[in-house]
2 protein chains.
Amino acid sequence: MNKELFVGVDLGGTHIRVALVDPVGKIVHGLKTPTSISSGATQAAQRLVEACLDQISVAADWGCQVKAVGLGVAGKVDRQQGKVIFSPNLMPLNGYPLARELETQLCLPVVMENDANVFGVGESWLGAGRNIANWIGLTLGTGVGGCLILNGKLWTGDDLGFSGEIGHMVIDPRGPLCACGLRGCLEAYASGRALLEGVGRAIVEGKLKNGPLYDMWHSGELTPEAVQRFSATGEPVAVELFHRFGSALGLALANLFTVLGIRHAILGGGVSASWDQFIASLQKSLIEHSSMLARGSARILRSSLGDDAALLGAARLAAHHFTTVQSNLQ
Amino acid sequence: MNKELFVGVDLGGTHIRVALVDPVGKIVHGLKTPTSISSGATQAAQRLVEACLDQISVAADWGCQVKAVGLGVAGKVDRQQGKVIFSPNLMPLNGYPLARELETQLCLPVVMENDANVFGVGESWLGAGRNIANWIGLTLGTGVGGCLILNGKLWTGDDLGFSGEIGHMVIDPRGPLCACGLRGCLEAYASGRALLEGVGRAIVEGKLKNGPLYDMWHSGELTPEAVQRFSATGEPVAVELFHRFGSALGLALANLFTVLGIRHAILGGGVSASWDQFIASLQKSLIEHSSMLARGSARILRSSLGDDAALLGAARLAAHHFTTVQSNLQ
């Protein structure tokens, strides 16, 4: 086994995943625990420190050394300061210097990045984006994360704490309310939350008056996966919601292909499993809203790393940081 | 005077501008003529060759040598093949190998690029974009051209023949028809053509029934500059058209700032002279449609090179090409 290892962390709203990753991207040991952030930032950081220490100790048992830690966090992050700026699903961490804290306690370099951005780094390194220089990444989950890979590298813009926030492109200023407070963001159409809210709206508008979808929504048990199953059986409200979902994605991607002069996108995240329910509407909308791209030349791909993409991307950033620091010292 | 000079060409729908430019961006000699493209591609190319030969001969009289020619063309261009792919305002040139033809006849390297892209190169070199690493460029004329400058360089994407086509982002799929055939492109709101068509639509819809704006539209003498003057005097239809103009620009820029994680834009082109009529609506819409960017941090700037931006950008690309070829030979 390679003597140098890296810890990759994927810190989401519901789960933390922590893994030991070798320099060629093999996950050699891993752990998944509930996030349980409600007791506050300090305790959450402490649990994260312990999870990392576990991995470091496993590495030591194998005669290996962890060289750096990479942290993917759902939210807006200040990479320079190692601070979470704003995370809607990890509220207690807002303003907390999470990476700095880990660095102090672990005595290791810790790099932090947005979770959709580490998804992009992971897929670009070992997944569906391996041989594609320029592509748009989307993680379809409760919300919609996004990233841009340009010239084979994660695009970070002006280092404002966000980049690739495709989920918050406004598709229709008169559209449904988004979690961010604006109206008609892509996320308000093409996310797990949008599917559930869409069912609720159909009930309010009298388009769904009874039946199993109605019952499930009322019992509070409805999930995006269930909406997918209803759509697959032809339930009209579910079918229409996935049509809107795909159409919104197609419009957003058409606009970005037009502006960036590129033609590849990679879709990941849990809700991308509903691929068959939205891909036809996506492709149709993409063609309808593209005036520059030659018809048929766009390529919409599925993530090939699944849940591991963000974890591997975080480890990759850690490895890259370590290598850069090393070569600067020489 | 510097012994090495470059020819910059700005080939637009109505005028061709040709100039001798020195390596630090001084225009040392120039010429502007009507485009008169109707007699076909071969004759248009011939006139362009003659205009370049005039400049080359002026340079020779001064004991200088022209090293390369840069060509900015309004349309989709194949830079590798030196060919115009599609130019709505220079139709006879569609498919014509303009740069190759010039290269053969002038015995000089000729580089070709989209006109909004050379605007970006020019402003980045010597204009409002000089010290800004990442920015969005828009040329507001009859249509809307666009470019992206990323890491101080013109972004060309996957070399598909277009990039930075911000004018053809679809702002509202139910919006007015655009010259490209789609509905609701930015260009259908924020261009000279959109202003004129907007007055026509106001008449059809009965919102404008008489008065000087009505009369001017009917006489066929209405120009974007005239709509600006009407707006400045408070004429309601003109005011509303510039409000829509600015709002559409604000929405498009908000979306691009969100996606790219950047905060600068530079506006040029003839219709940007109507700045006072649209900038307040632009700024308001930009704030309303931005969920990621800190309020007040966006910077919307005016082109500082005016008509010379494209010309200088084209010359800059020629100089860059010449330098690259030289260093590859050494």
# chains A, B, ... in the order shown; residues from 1 in each chain; ligands from 1
>>> interface_residues(of="chain A", to="chain B", cutoff="7 Å", atoms="only C-alpha atoms", output="list in words")
Thr156, Gly157, Asp158, Leu160, Phe162, Ser163, Gly164, Glu165, Ile166, His168, Met169, Val170, Asp172, Cys180, Leu182, Asn255, Thr258, Val259, Leu260, Gly261, Ile262, His289 and Ser291 of chain A
>>> write_last_selection(atoms="N, CA and C atoms", output="short mmCIF file (atom, residue, chain, number, x, y, z; two decimals), in the first residue's frame")
data_model
loop_
_atom_site.label_atom_id
_atom_site.label_comp_id
_atom_site.auth_asym_id
_atom_site.auth_seq_id
_atom_site.Cartn_x
_atom_site.Cartn_y
_atom_site.Cartn_z
N THR A 156 -13.04 28.55 -9.82
CA THR A 156 -13.41 29.15 -8.54
C THR A 156 -13.67 30.65 -8.64
N GLY A 157 -13.64 31.19 -9.85
CA GLY A 157 -14.02 32.59 -10.06
C GLY A 157 -13.14 33.56 -9.29
N ASP A 158 -13.78 34.56 -8.72
CA ASP A 158 -13.06 35.62 -8.00
C ASP A 158 -12.86 35.28 -6.52
N LEU A 160 -15.07 34.42 -4.25
CA LEU A 160 -16.08 35.15 -3.48
C LEU A 160 -16.79 34.24 -2.48
N PHE A 162 -18.30 31.42 -3.51
CA PHE A 162 -19.21 30.59 -4.31
C PHE A 162 -18.74 30.61 -5.76
N SER A 163 -19.05 29.55 -6.47
CA SER A 163 -18.86 29.48 -7.92
C SER A 163 -19.63 28.27 -8.42
N GLY A 164 -20.08 28.33 -9.65
CA GLY A 164 -20.84 27.21 -10.21
C GLY A 164 -22.20 27.03 -9.58
N GLU A 165 -22.78 28.08 -9.01
CA GLU A 165 -24.07 27.95 -8.31
C GLU A 165 -25.24 27.93 -9.29
N ILE A 166 -25.21 26.94 -10.15
CA ILE A 166 -26.18 26.83 -11.24
C ILE A 166 -27.61 26.65 -10.71
N HIS A 168 -28.98 28.26 -8.56
CA HIS A 168 -29.59 29.54 -8.26
C HIS A 168 -29.57 30.52 -9.44
N MET A 169 -29.44 29.96 -10.65
CA MET A 169 -29.77 30.74 -11.85
C MET A 169 -31.29 30.94 -11.82
N VAL A 170 -31.72 32.14 -12.10
CA VAL A 170 -33.17 32.39 -12.15
C VAL A 170 -33.69 32.03 -13.54
N ASP A 172 -37.08 31.69 -14.23
CA ASP A 172 -38.31 32.46 -14.46
C ASP A 172 -38.60 33.31 -13.23
N CYS A 180 -33.66 29.85 -1.35
CA CYS A 180 -32.73 30.98 -1.19
C CYS A 180 -33.48 32.30 -1.02
N LEU A 182 -35.28 33.79 -3.52
CA LEU A 182 -35.66 34.32 -4.83
C LEU A 182 -36.79 33.47 -5.42
N ASN A 255 -28.59 27.64 -21.90
CA ASN A 255 -28.04 28.99 -21.68
C ASN A 255 -26.55 28.93 -21.35
N THR A 258 -24.49 28.01 -24.43
CA THR A 258 -24.43 29.18 -25.31
C THR A 258 -23.38 30.18 -24.82
N VAL A 259 -23.36 30.41 -23.52
CA VAL A 259 -22.45 31.42 -22.97
C VAL A 259 -21.02 30.89 -22.89
N LEU A 260 -20.85 29.63 -22.52
CA LEU A 260 -19.50 29.11 -22.32
C LEU A 260 -18.91 28.51 -23.60
N GLY A 261 -19.74 28.27 -24.61
CA GLY A 261 -19.23 27.66 -25.84
C GLY A 261 -18.74 26.24 -25.59
N ILE A 262 -19.45 25.52 -24.74
CA ILE A 262 -19.08 24.13 -24.44
C ILE A 262 -20.31 23.24 -24.63
N HIS A 289 -33.91 25.53 -26.78
CA HIS A 289 -33.37 26.79 -26.27
C HIS A 289 -31.91 27.05 -26.66
N SER A 291 -29.47 28.20 -29.68
CA SER A 291 -29.39 28.71 -31.05
C SER A 291 -27.99 28.60 -31.62
#
>>> residues_around(residues="A:Gln228", least_positions_apart="3", cutoff="12 Å", atoms="only C-alpha atoms", output="NGL selection string")
:A and (191-192 or 195-196 or 199 or 213 or 222-225 or 231-243 or 245 or 270-278)
>>> write_last_selection(atoms="N, CA and C atoms", output="tab-separated table (two decimals), in the first residue's frame")
chain	number	residue	atom	x	y	z
A	191	SER	N	-35.20	19.89	-8.17
A	191	SER	CA	-34.62	19.33	-6.95
A	191	SER	C	-35.63	18.41	-6.28
A	192	GLY	N	-35.16	17.65	-5.31
A	192	GLY	CA	-36.07	16.82	-4.53
A	192	GLY	C	-37.12	17.66	-3.83
A	195	LEU	N	-39.87	18.72	-6.16
A	195	LEU	CA	-40.83	17.66	-6.46
A	195	LEU	C	-41.90	17.57	-5.37
A	196	LEU	N	-41.44	17.60	-4.11
A	196	LEU	CA	-42.39	17.50	-2.99
A	196	LEU	C	-43.30	18.73	-2.94
A	199	VAL	N	-46.01	18.64	-5.57
A	199	VAL	CA	-47.17	17.80	-5.23
A	199	VAL	C	-48.11	18.60	-4.32
A	213	LEU	N	-50.78	9.06	-4.35
A	213	LEU	CA	-49.83	10.17	-4.25
A	213	LEU	C	-50.36	11.21	-3.26
A	222	LEU	N	-44.07	11.29	1.83
A	222	LEU	CA	-43.66	11.38	0.43
A	222	LEU	C	-42.17	11.74	0.31
A	223	THR	N	-41.46	11.04	-0.55
A	223	THR	CA	-40.05	11.31	-0.82
A	223	THR	C	-39.89	11.53	-2.33
A	224	PRO	N	-38.76	12.13	-2.75
A	224	PRO	CA	-38.52	12.27	-4.19
A	224	PRO	C	-38.51	10.90	-4.89
A	225	GLU	N	-38.00	9.87	-4.22
A	225	GLU	CA	-37.97	8.52	-4.81
A	225	GLU	C	-39.40	8.04	-5.08
A	231	SER	N	-44.26	8.69	-11.12
A	231	SER	CA	-44.05	9.15	-12.49
A	231	SER	C	-43.85	7.96	-13.43
A	232	ALA	N	-43.09	6.95	-12.96
A	232	ALA	CA	-42.81	5.77	-13.79
A	232	ALA	C	-44.09	5.00	-14.13
A	233	THR	N	-45.10	5.11	-13.23
A	233	THR	CA	-46.36	4.40	-13.51
A	233	THR	C	-47.36	5.30	-14.24
A	234	GLY	N	-46.93	6.53	-14.57
A	234	GLY	CA	-47.78	7.40	-15.38
A	234	GLY	C	-48.72	8.30	-14.60
A	235	GLU	N	-48.54	8.41	-13.29
A	235	GLU	CA	-49.40	9.31	-12.48
A	235	GLU	C	-49.21	10.74	-13.03
A	236	PRO	N	-50.30	11.39	-13.50
A	236	PRO	CA	-50.15	12.65	-14.26
A	236	PRO	C	-49.43	13.78	-13.52
A	237	VAL	N	-49.71	13.99	-12.23
A	237	VAL	CA	-49.04	15.07	-11.51
A	237	VAL	C	-47.54	14.80	-11.41
A	238	ALA	N	-47.17	13.58	-11.10
A	238	ALA	CA	-45.74	13.23	-11.00
A	238	ALA	C	-45.06	13.35	-12.36
A	239	VAL	N	-45.74	12.90	-13.41
A	239	VAL	CA	-45.17	13.00	-14.77
A	239	VAL	C	-44.92	14.47	-15.11
A	240	GLU	N	-45.90	15.33	-14.83
A	240	GLU	CA	-45.78	16.76	-15.14
A	240	GLU	C	-44.64	17.40	-14.34
A	241	LEU	N	-44.49	17.01	-13.07
A	241	LEU	CA	-43.42	17.58	-12.24
A	241	LEU	C	-42.05	17.20	-12.80
A	242	PHE	N	-41.89	15.95	-13.27
A	242	PHE	CA	-40.60	15.57	-13.85
A	242	PHE	C	-40.39	16.21	-15.22
A	243	HIS	N	-41.48	16.51	-15.92
A	243	HIS	CA	-41.35	17.22	-17.19
A	243	HIS	C	-40.81	18.64	-16.94
A	245	PHE	N	-39.14	19.57	-14.33
A	245	PHE	CA	-37.80	19.30	-13.81
A	245	PHE	C	-36.80	19.24	-14.98
A	270	GLY	N	-28.46	12.27	-5.52
A	270	GLY	CA	-29.46	11.22	-5.34
A	270	GLY	C	-30.61	11.26	-6.34
A	271	VAL	N	-31.11	12.48	-6.64
A	271	VAL	CA	-32.30	12.58	-7.49
A	271	VAL	C	-31.97	12.32	-8.97
A	272	SER	N	-30.66	12.29	-9.30
A	272	SER	CA	-30.30	11.96	-10.69
A	272	SER	C	-30.63	10.49	-11.00
A	273	ALA	N	-30.93	9.70	-9.95
A	273	ALA	CA	-31.39	8.33	-10.16
A	273	ALA	C	-32.73	8.29	-10.90
A	274	SER	N	-33.46	9.42	-10.88
A	274	SER	CA	-34.75	9.50	-11.60
A	274	SER	C	-34.55	9.84	-13.08
A	275	TRP	N	-33.33	9.66	-13.57
A	275	TRP	CA	-32.91	9.95	-14.94
A	275	TRP	C	-33.98	9.69	-16.00
A	276	ASP	N	-34.52	8.48	-15.99
A	276	ASP	CA	-35.50	8.10	-17.04
A	276	ASP	C	-36.75	8.97	-17.01
A	277	GLN	N	-37.03	9.56	-15.87
A	277	GLN	CA	-38.24	10.37	-15.75
A	277	GLN	C	-38.07	11.78	-16.33
A	278	PHE	N	-36.81	12.27	-16.40
A	278	PHE	CA	-36.65	13.67	-16.83
A	278	PHE	C	-35.76	13.86	-18.06
>>> select_by_dssp(residues="stretch 34-267 of chain A", states="alpha helix (DSSP H)", output="PyMOL selection string")
chain A and resi 41-61+98-106+115-126+192-204+212-219+224-232+236-260
>>> residues_around(residues="A:Leu90", least_positions_apart="2", cutoff="8 Å", atoms="only C-alpha atoms", output="CSV table (one decimal) with N, CA, C and O atoms, in the first residue's frame")
chain,number,residue,atom,x,y,z
A,12,GLY,N,-22.5,16.5,4.7
A,12,GLY,CA,-23.8,16.9,4.2
A,12,GLY,C,-24.8,17.2,5.3
A,12,GLY,O,-24.5,17.1,6.5
A,13,GLY,N,-26.0,17.6,4.9
A,13,GLY,CA,-27.0,17.9,5.9
A,13,GLY,C,-27.5,16.8,6.8
A,13,GLY,O,-27.8,17.0,7.9
A,37,ILE,N,-26.0,17.8,13.9
A,37,ILE,CA,-25.4,19.1,14.0
A,37,ILE,C,-26.1,20.0,15.1
A,37,ILE,O,-25.5,21.1,15.5
A,74,ALA,N,-21.6,21.4,2.3
A,74,ALA,CA,-22.8,21.9,1.6
A,74,ALA,C,-23.0,23.4,2.0
A,74,ALA,O,-23.5,23.6,3.1
A,87,SER,N,-24.4,28.0,5.3
A,87,SER,CA,-24.8,26.6,4.9
A,87,SER,C,-26.3,26.4,5.4
A,87,SER,O,-26.5,26.2,6.5
A,88,PRO,N,-27.2,26.5,4.4
A,88,PRO,CA,-28.7,26.3,4.8
A,88,PRO,C,-29.0,25.0,5.5
A,88,PRO,O,-29.9,25.0,6.3
A,92,PRO,N,-25.9,25.7,12.2
A,92,PRO,CA,-25.0,26.0,13.3
A,92,PRO,C,-23.6,26.3,12.9
A,92,PRO,O,-22.8,26.9,13.7
A,93,LEU,N,-23.2,25.8,11.7
A,93,LEU,CA,-21.8,26.0,11.3
A,93,LEU,C,-21.6,27.4,10.6
A,93,LEU,O,-20.4,27.8,10.4
A,94,ASN,N,-22.6,28.2,10.4
A,94,ASN,CA,-22.5,29.5,9.7
A,94,ASN,C,-21.5,30.3,10.5
A,94,ASN,O,-21.6,30.6,11.7
>>> residues_around(residues="A:Gln80", least_positions_apart="5", cutoff="12 Å", atoms="only C-alpha atoms", output="PyMOL selection string")
chain A and resi 85+97-100+110-113+159-161
>>> write_last_selection(atoms="N, CA, C and O atoms", output="PDB file, in the first residue's frame")
ATOM      1  N   ILE A  85     -19.180  30.091   5.438  1.00  0.00           N
ATOM      2  CA  ILE A  85     -19.843  31.400   5.419  1.00  0.00           C
ATOM      3  C   ILE A  85     -21.339  31.219   5.682  1.00  0.00           C
ATOM      4  O   ILE A  85     -21.897  31.821   6.578  1.00  0.00           O
ATOM      5  N   PRO A  97     -15.108  28.650  11.895  1.00  0.00           N
ATOM      6  CA  PRO A  97     -13.844  28.355  11.195  1.00  0.00           C
ATOM      7  C   PRO A  97     -13.518  26.853  11.240  1.00  0.00           C
ATOM      8  O   PRO A  97     -12.535  26.434  11.864  1.00  0.00           O
ATOM      9  N   LEU A  98     -14.344  26.064  10.568  1.00  0.00           N
ATOM     10  CA  LEU A  98     -14.280  24.612  10.673  1.00  0.00           C
ATOM     11  C   LEU A  98     -12.929  24.036  10.241  1.00  0.00           C
ATOM     12  O   LEU A  98     -12.332  23.208  10.954  1.00  0.00           O
ATOM     13  N   ALA A  99     -12.442  24.481   9.082  1.00  0.00           N
ATOM     14  CA  ALA A  99     -11.181  23.925   8.583  1.00  0.00           C
ATOM     15  C   ALA A  99     -10.018  24.335   9.492  1.00  0.00           C
ATOM     16  O   ALA A  99      -9.138  23.525   9.796  1.00  0.00           O
ATOM     17  N   ARG A 100     -10.018  25.575   9.952  1.00  0.00           N
ATOM     18  CA  ARG A 100      -8.940  26.051  10.855  1.00  0.00           C
ATOM     19  C   ARG A 100      -8.932  25.234  12.151  1.00  0.00           C
ATOM     20  O   ARG A 100      -7.889  24.855  12.666  1.00  0.00           O
ATOM     21  N   VAL A 110      -5.642  21.283   6.268  1.00  0.00           N
ATOM     22  CA  VAL A 110      -7.035  20.972   5.944  1.00  0.00           C
ATOM     23  C   VAL A 110      -7.529  21.963   4.885  1.00  0.00           C
ATOM     24  O   VAL A 110      -7.435  23.177   5.086  1.00  0.00           O
ATOM     25  N   VAL A 111      -8.023  21.449   3.761  1.00  0.00           N
ATOM     26  CA  VAL A 111      -8.608  22.328   2.747  1.00  0.00           C
ATOM     27  C   VAL A 111     -10.119  22.116   2.717  1.00  0.00           C
ATOM     28  O   VAL A 111     -10.602  21.017   2.947  1.00  0.00           O
ATOM     29  N   MET A 112     -10.833  23.197   2.461  1.00  0.00           N
ATOM     30  CA  MET A 112     -12.291  23.132   2.475  1.00  0.00           C
ATOM     31  C   MET A 112     -12.839  23.676   1.159  1.00  0.00           C
ATOM     32  O   MET A 112     -12.296  24.619   0.593  1.00  0.00           O
ATOM     33  N   GLU A 113     -13.912  23.064   0.677  1.00  0.00           N
ATOM     34  CA  GLU A 113     -14.526  23.485  -0.589  1.00  0.00           C
ATOM     35  C   GLU A 113     -16.007  23.152  -0.532  1.00  0.00           C
ATOM     36  O   GLU A 113     -16.425  22.322   0.275  1.00  0.00           O
ATOM     37  N   ASP A 159     -13.010  34.003  -6.165  1.00  0.00           N
ATOM     38  CA  ASP A 159     -12.869  33.593  -4.758  1.00  0.00           C
ATOM     39  C   ASP A 159     -13.815  34.361  -3.847  1.00  0.00           C
ATOM     40  O   ASP A 159     -13.429  34.890  -2.801  1.00  0.00           O
ATOM     41  N   LEU A 160     -15.067  34.423  -4.253  1.00  0.00           N
ATOM     42  CA  LEU A 160     -16.077  35.154  -3.475  1.00  0.00           C
ATOM     43  C   LEU A 160     -16.790  34.241  -2.478  1.00  0.00           C
ATOM     44  O   LEU A 160     -17.708  34.678  -1.779  1.00  0.00           O
ATOM     45  N   GLY A 161     -16.390  32.964  -2.435  1.00  0.00           N
ATOM     46  CA  GLY A 161     -17.048  32.024  -1.528  1.00  0.00           C
ATOM     47  C   GLY A 161     -18.067  31.145  -2.237  1.00  0.00           C
ATOM     48  O   GLY A 161     -18.639  30.240  -1.643  1.00  0.00           O
TER      49      GLY A 161
END
>>> residues_around(residues="A:Ala68", least_positions_apart="6", cutoff="9 Å", atoms="only C-alpha atoms", output="MDAnalysis selection string")
chainID A and resid 5:8 108:111 315 318:319 321:322
>>> write_last_selection(atoms="N, CA, C and O atoms", output="short mmCIF file (atom, residue, chain, number, x, y, z; two decimals), in the first residue's frame")
data_model
loop_
_atom_site.label_atom_id
_atom_site.label_comp_id
_atom_site.auth_asym_id
_atom_site.auth_seq_id
_atom_site.Cartn_x
_atom_site.Cartn_y
_atom_site.Cartn_z
N LEU A 5 -1.36 8.77 2.60
CA LEU A 5 -2.81 8.73 2.41
C LEU A 5 -3.42 10.11 2.69
O LEU A 5 -2.76 10.99 3.28
N PHE A 6 -4.65 10.28 2.28
CA PHE A 6 -5.37 11.53 2.50
C PHE A 6 -6.76 11.22 3.05
O PHE A 6 -7.31 10.17 2.75
N VAL A 7 -7.27 12.11 3.87
CA VAL A 7 -8.63 11.92 4.37
C VAL A 7 -9.57 12.81 3.56
O VAL A 7 -9.33 14.01 3.41
N GLY A 8 -10.61 12.20 3.03
CA GLY A 8 -11.65 12.96 2.33
C GLY A 8 -12.90 12.98 3.18
O GLY A 8 -13.29 11.95 3.74
N LEU A 108 -2.62 18.93 10.89
CA LEU A 108 -2.49 18.56 9.48
C LEU A 108 -3.09 19.69 8.64
O LEU A 108 -4.00 20.39 9.09
N PRO A 109 -2.60 19.85 7.39
CA PRO A 109 -3.26 20.82 6.52
C PRO A 109 -4.69 20.37 6.19
O PRO A 109 -4.91 19.18 5.92
N VAL A 110 -5.64 21.28 6.27
CA VAL A 110 -7.03 20.97 5.94
C VAL A 110 -7.53 21.96 4.88
O VAL A 110 -7.43 23.18 5.09
N VAL A 111 -8.02 21.45 3.76
CA VAL A 111 -8.61 22.33 2.75
C VAL A 111 -10.12 22.12 2.72
O VAL A 111 -10.60 21.02 2.95
N ALA A 315 -10.59 14.46 -1.15
CA ALA A 315 -9.26 13.87 -0.95
C ALA A 315 -8.28 14.36 -2.01
O ALA A 315 -7.11 14.64 -1.72
N ALA A 318 -7.07 17.73 -1.13
CA ALA A 318 -6.10 17.60 -0.03
C ALA A 318 -4.74 17.18 -0.59
O ALA A 318 -3.70 17.76 -0.24
N ALA A 319 -4.75 16.20 -1.48
CA ALA A 319 -3.49 15.70 -2.07
C ALA A 319 -2.81 16.80 -2.88
O ALA A 319 -1.60 16.99 -2.81
N HIS A 321 -3.16 20.04 -2.51
CA HIS A 321 -2.66 21.06 -1.58
C HIS A 321 -1.32 20.60 -0.99
O HIS A 321 -0.35 21.37 -0.95
N PHE A 322 -1.27 19.35 -0.56
CA PHE A 322 -0.06 18.79 0.03
C PHE A 322 1.11 18.85 -0.96
O PHE A 322 2.21 19.32 -0.64
#
>>> closest_residue(among="A:Gly127, A:Gly63, A:Gly95, A:Pro212", to="A:Gly75", atoms="only C-alpha atoms")
A:Gly95
>>> select_by_dssp(residues="stretch 181-271 of chain B", states="strand (DSSP E or B)", output="PyMOL selection string")
chain B and resi 183+185+264-268
>>> write_last_selection(atoms="N, CA and C atoms", output="mmCIF file, in the first residue's frame")
data_model
loop_
_atom_site.group_PDB
_atom_site.id
_atom_site.type_symbol
_atom_site.label_atom_id
_atom_site.label_comp_id
_atom_site.auth_asym_id
_atom_site.auth_seq_id
_atom_site.Cartn_x
_atom_site.Cartn_y
_atom_site.Cartn_z
ATOM 1 N N ARG B 183 -37.244 32.418 -28.806
ATOM 2 C CA ARG B 183 -38.035 33.436 -28.105
ATOM 3 C C ARG B 183 -37.318 33.869 -26.828
ATOM 4 N N CYS B 185 -34.629 35.695 -26.016
ATOM 5 C CA CYS B 185 -33.189 35.878 -25.798
ATOM 6 C C CYS B 185 -32.942 37.270 -25.206
ATOM 7 N N HIS B 264 -17.744 41.383 -12.154
ATOM 8 C CA HIS B 264 -17.504 42.515 -13.052
ATOM 9 C C HIS B 264 -18.109 42.286 -14.438
ATOM 10 N N ALA B 265 -18.676 43.351 -14.996
ATOM 11 C CA ALA B 265 -19.111 43.323 -16.390
ATOM 12 C C ALA B 265 -18.740 44.644 -17.043
ATOM 13 N N ILE B 266 -18.447 44.594 -18.329
ATOM 14 C CA ILE B 266 -18.124 45.810 -19.083
ATOM 15 C C ILE B 266 -19.060 45.897 -20.288
ATOM 16 N N LEU B 267 -19.739 47.035 -20.412
ATOM 17 C CA LEU B 267 -20.701 47.209 -21.496
ATOM 18 C C LEU B 267 -20.160 48.181 -22.541
ATOM 19 N N GLY B 268 -20.196 47.755 -23.797
ATOM 20 C CA GLY B 268 -19.789 48.611 -24.906
ATOM 21 C C GLY B 268 -20.817 48.566 -26.017
#
>>> atom_distance(atom1="atom CA of A:Gly246", atom2="atom CA of A:Ala194")
12.1 Å
>>> atom_distance(atom1="atom CA of B:Thr14", atom2="atom CA of B:Val84")
16.9 Å
>>> atom_distance(atom1="atom CA of B:Val21", atom2="atom CA of B:Arg47")
19.9 Å
